[in-house]
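Enquirer: A single structure is presented below for examination.
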Amino acid sequence: MTVTPATAPALNYSTASFMLSAPSLALCPEDSAAEVAFAGRSNAGKSSAINALTRQNALARTSRTPGRTQLINFFSLMNTTSQRLVDLPGYGYAKVPESVKREWQKHLSDYLRGRQSLRGLVLLMDVRHPLTEFDQMMLGFADERDMPVQILLTKADKLKKGPASSALQKVRAQLSDWDDLVSVQLFSALKKDGLEPLSKRLDQWLTLPDEA
């Protein structure tokens, strides 16, 4: 169940620093912190969103070749390991063998289903091409765990205000059955639009008391 505190202390995401990269769940850091994971197809702008959130140009690696992020990347906040951002492998457009894609999907599934530190999922979708098969798969993983999801409709600067608003309302309507679990917003890493609602949602998730 999604829990929304009345007030949550604002976190300073510009303090994020690289912690480590893990090829599988078994090699991830100790499962005893609060984490928020970012997921999206390889061309959804995931790394750009993380860099915009943290006000750093190259914290998360961006590439002109989609799909190069093949590891689970951890970033710690405030010089501590108790609150973390997690950059999950991009999926969908990488020019790699199908066997490698299946391996990536397995690691995503293992992490999303088995990581107890995970408090919420930020799912990025290109506003012009939302709710792909991959997006539906990720929402299914979240639904299994009753995990809150913040959907970022990225590259909103590519559309005029009217079409962008229409795309937002359409996605919200398609996910109306999940409105207790899923929130949707427009986002532009280029224009820095949508950072405030994203930051507030992450503050809520990362400062929730440990339910264990």
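Chain labels A, B, ... are given in the sequence in which chains occur in the structure tokens; within each chain residues are numbered consecutively from 1, and ligands are likewise numbered from 1 in the order shown.
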Need to verify the contact set: Leu198 in chain A, 12 Å, only C-alpha atoms, exclusion of same-chain residues closer than 6 positions in sequence. Can you return it as number ranges by chain?

Expert: A: 10-11, 13, 36, 38, 49-50, 52-54, 120-124, 149-153, 183-189, 192, 204-205

Enquirer: Residues of chain A classed as strand (DSSP E) by DSSP on the backbone are to be reported as a PyMOL selection string.

Expert: chain A and resi 17-22+34-40+72-76+83-87+118-126+149-154+182-186

Enquirer: Identify, with DSSP run on backbone atoms, the residues in range 8-205 of chain A assigned to alpha helix (DSSP H), and express the list as JSON, numbers by chain.

Expert: {"A": [46, 47, 48, 49, 50, 51, 52, 53, 54, 98, 99, 100, 101, 102, 103, 104, 105, 106, 107, 108, 109, 110, 111, 112, 113, 114, 133, 134, 135, 136, 137, 138, 139, 140, 141, 142, 143, 144, 161, 162, 163, 164, 165, 166, 167, 168, 169, 170, 171, 172, 173, 174, 195, 196, 197, 198, 199, 200, 201, 202, 203, 204, 205]}

Enquirer: Compile the contact shell of Lys46 in chain A as an mmCIF file with N, CA, C and O atoms, in the first residue's frame: residues with an atom at most 9 Å away, counting only C-alpha atoms, same-chain residues fewer than 6 positions apart removed.

Expert:
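part-v3.cif, freshly written:
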data_model
loop_
_atom_site.group_PDB
_atom_site.id
_atom_site.type_symbol
_atom_site.label_atom_id
_atom_site.label_comp_id
_atom_site.auth_asym_id
_atom_site.auth_seq_id
_atom_site.Cartn_x
_atom_site.Cartn_y
_atom_site.Cartn_z
ATOM 1 N N PHE A 38 15.193 3.479 -10.973
ATOM 2 C CA PHE A 38 14.779 4.094 -12.227
ATOM 3 C C PHE A 38 14.847 3.037 -13.324
ATOM 4 O O PHE A 38 15.877 2.383 -13.503
ATOM 5 N N ALA A 39 13.764 2.878 -14.054
ATOM 6 C CA ALA A 39 13.712 1.882 -15.121
ATOM 7 C C ALA A 39 13.081 2.497 -16.365
ATOM 8 O O ALA A 39 12.265 3.415 -16.280
ATOM 9 N N GLY A 40 13.460 1.975 -17.519
ATOM 10 C CA GLY A 40 12.875 2.470 -18.762
ATOM 11 C C GLY A 40 13.563 1.846 -19.955
ATOM 12 O O GLY A 40 14.663 1.298 -19.845
ATOM 13 N N ALA A 60 24.983 9.617 -14.111
ATOM 14 C CA ALA A 60 24.533 8.420 -14.834
ATOM 15 C C ALA A 60 25.037 8.529 -16.264
ATOM 16 O O ALA A 60 24.922 9.574 -16.890
ATOM 17 N N THR A 62 25.273 8.573 -20.052
ATOM 18 C CA THR A 62 24.398 8.672 -21.216
ATOM 19 C C THR A 62 25.199 8.267 -22.444
ATOM 20 O O THR A 62 26.420 8.351 -22.470
ATOM 21 N N ASP A 87 19.986 2.846 -10.844
ATOM 22 C CA ASP A 87 19.800 2.942 -12.293
ATOM 23 C C ASP A 87 19.794 1.520 -12.846
ATOM 24 O O ASP A 87 20.835 0.850 -12.888
ATOM 25 N N GLY A 90 18.869 -0.443 -19.075
ATOM 26 C CA GLY A 90 17.907 -0.099 -20.114
ATOM 27 C C GLY A 90 17.583 -1.327 -20.943
ATOM 28 O O GLY A 90 18.372 -2.272 -21.009
ATOM 29 N N LEU A 123 9.370 4.895 -13.417
ATOM 30 C CA LEU A 123 9.315 4.255 -14.726
ATOM 31 C C LEU A 123 9.237 5.338 -15.795
ATOM 32 O O LEU A 123 8.296 6.135 -15.823
ATOM 33 N N LEU A 124 10.244 5.368 -16.653
ATOM 34 C CA LEU A 124 10.327 6.412 -17.679
ATOM 35 C C LEU A 124 9.816 5.898 -19.015
ATOM 36 O O LEU A 124 10.186 4.807 -19.457
ATOM 37 N N MET A 125 8.968 6.721 -19.644
ATOM 38 C CA MET A 125 8.426 6.394 -20.951
ATOM 39 C C MET A 125 8.519 7.629 -21.836
ATOM 40 O O MET A 125 8.196 8.733 -21.389
ATOM 41 N N THR A 154 8.706 11.239 -20.474
ATOM 42 C CA THR A 154 9.894 12.028 -20.774
ATOM 43 C C THR A 154 9.830 12.679 -22.156
ATOM 44 O O THR A 154 8.959 12.374 -22.969
#

Enquirer: Between A:Ser117, A:Thr15, A:Asn57, A:Ser42, which residue has the minimum interatomic distance to Pro29 in chain A, considering only C-alpha atoms?

Expert: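 Once distances to Pro29 in chain A are computed over only C-alpha atoms, the minimum belongs to A:Ser117.
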
Enquirer: What is the CA of Asp135 in chain A-CA of Ala44 in chain A distance in Å, reported with one decimal?

Expert: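 Here the two named atoms are 10.7 Å from each other.
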
Enquirer: May I have the residues within 9 Å of Leu159 in chain A as a PyMOL selection string, using only C-alpha atoms and disregarding those fewer than 4 positions away in the same chain?

Expert: chain A and resi 127-128+155+163-164

Enquirer: Between A:Gln169, A:Ser24, A:Asn79, A:Gln56, which has the minimum distance to Leu112 in chain A (counting only C-alpha atoms)?

Expert: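 Of the candidates, the smallest distance to Leu112 in chain A is held by A:Ser24.
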
Enquirer: List the neighbours of Thr132 in chain A out to 10 Å using only C-alpha atoms; skip same-chain residues closer than 5 positions along the sequence, and give me the result as a list in words.

Expert: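 What passes the distance filter is Arg41, Gly92, Met125, Asp126, Met137 and Met138 of chain A.
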
Enquirer: Print the selection's residues with N, CA, C and O atoms to a file, as a PDB file, in the first residue's frame.

Expert:
ATOM      1  N   ARG A  41      12.894   1.917 -21.086  1.00  0.00           N
ATOM      2  CA  ARG A  41      13.512   1.441 -22.318  1.00  0.00           C
ATOM      3  C   ARG A  41      14.775   2.238 -22.592  1.00  0.00           C
ATOM      4  O   ARG A  41      14.948   3.366 -22.106  1.00  0.00           O
ATOM      5  N   GLY A  92      15.503  -2.875 -24.641  1.00  0.00           N
ATOM      6  CA  GLY A  92      14.626  -2.749 -25.791  1.00  0.00           C
ATOM      7  C   GLY A  92      15.307  -2.454 -27.105  1.00  0.00           C
ATOM      8  O   GLY A  92      14.934  -3.020 -28.119  1.00  0.00           O
ATOM      9  N   MET A 125       8.968   6.721 -19.644  1.00  0.00           N
ATOM     10  CA  MET A 125       8.426   6.394 -20.951  1.00  0.00           C
ATOM     11  C   MET A 125       8.519   7.629 -21.836  1.00  0.00           C
ATOM     12  O   MET A 125       8.196   8.733 -21.389  1.00  0.00           O
ATOM     13  N   ASP A 126       8.919   7.448 -23.064  1.00  0.00           N
ATOM     14  CA  ASP A 126       8.873   8.538 -24.031  1.00  0.00           C
ATOM     15  C   ASP A 126       7.417   8.956 -24.202  1.00  0.00           C
ATOM     16  O   ASP A 126       6.557   8.121 -24.497  1.00  0.00           O
ATOM     17  N   MET A 137       5.327  -4.774 -18.594  1.00  0.00           N
ATOM     18  CA  MET A 137       6.013  -5.788 -17.809  1.00  0.00           C
ATOM     19  C   MET A 137       6.494  -5.210 -16.480  1.00  0.00           C
ATOM     20  O   MET A 137       6.332  -5.827 -15.419  1.00  0.00           O
ATOM     21  N   MET A 138       7.063  -3.992 -16.529  1.00  0.00           N
ATOM     22  CA  MET A 138       7.555  -3.367 -15.313  1.00  0.00           C
ATOM     23  C   MET A 138       6.410  -3.046 -14.355  1.00  0.00           C
ATOM     24  O   MET A 138       6.535  -3.212 -13.140  1.00  0.00           O
TER      25      MET A 138
END

Enquirer: From the list A:Val100, A:Leu181, A:Leu77, A:Leu168, which residue is nearest Ala34 in chain A when using only C-alpha atoms?

Expert: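 Of A:Val100, A:Leu181, A:Leu77, A:Leu168, the one nearest Ala34 in chain A, counting only C-alpha atoms, is A:Leu77.
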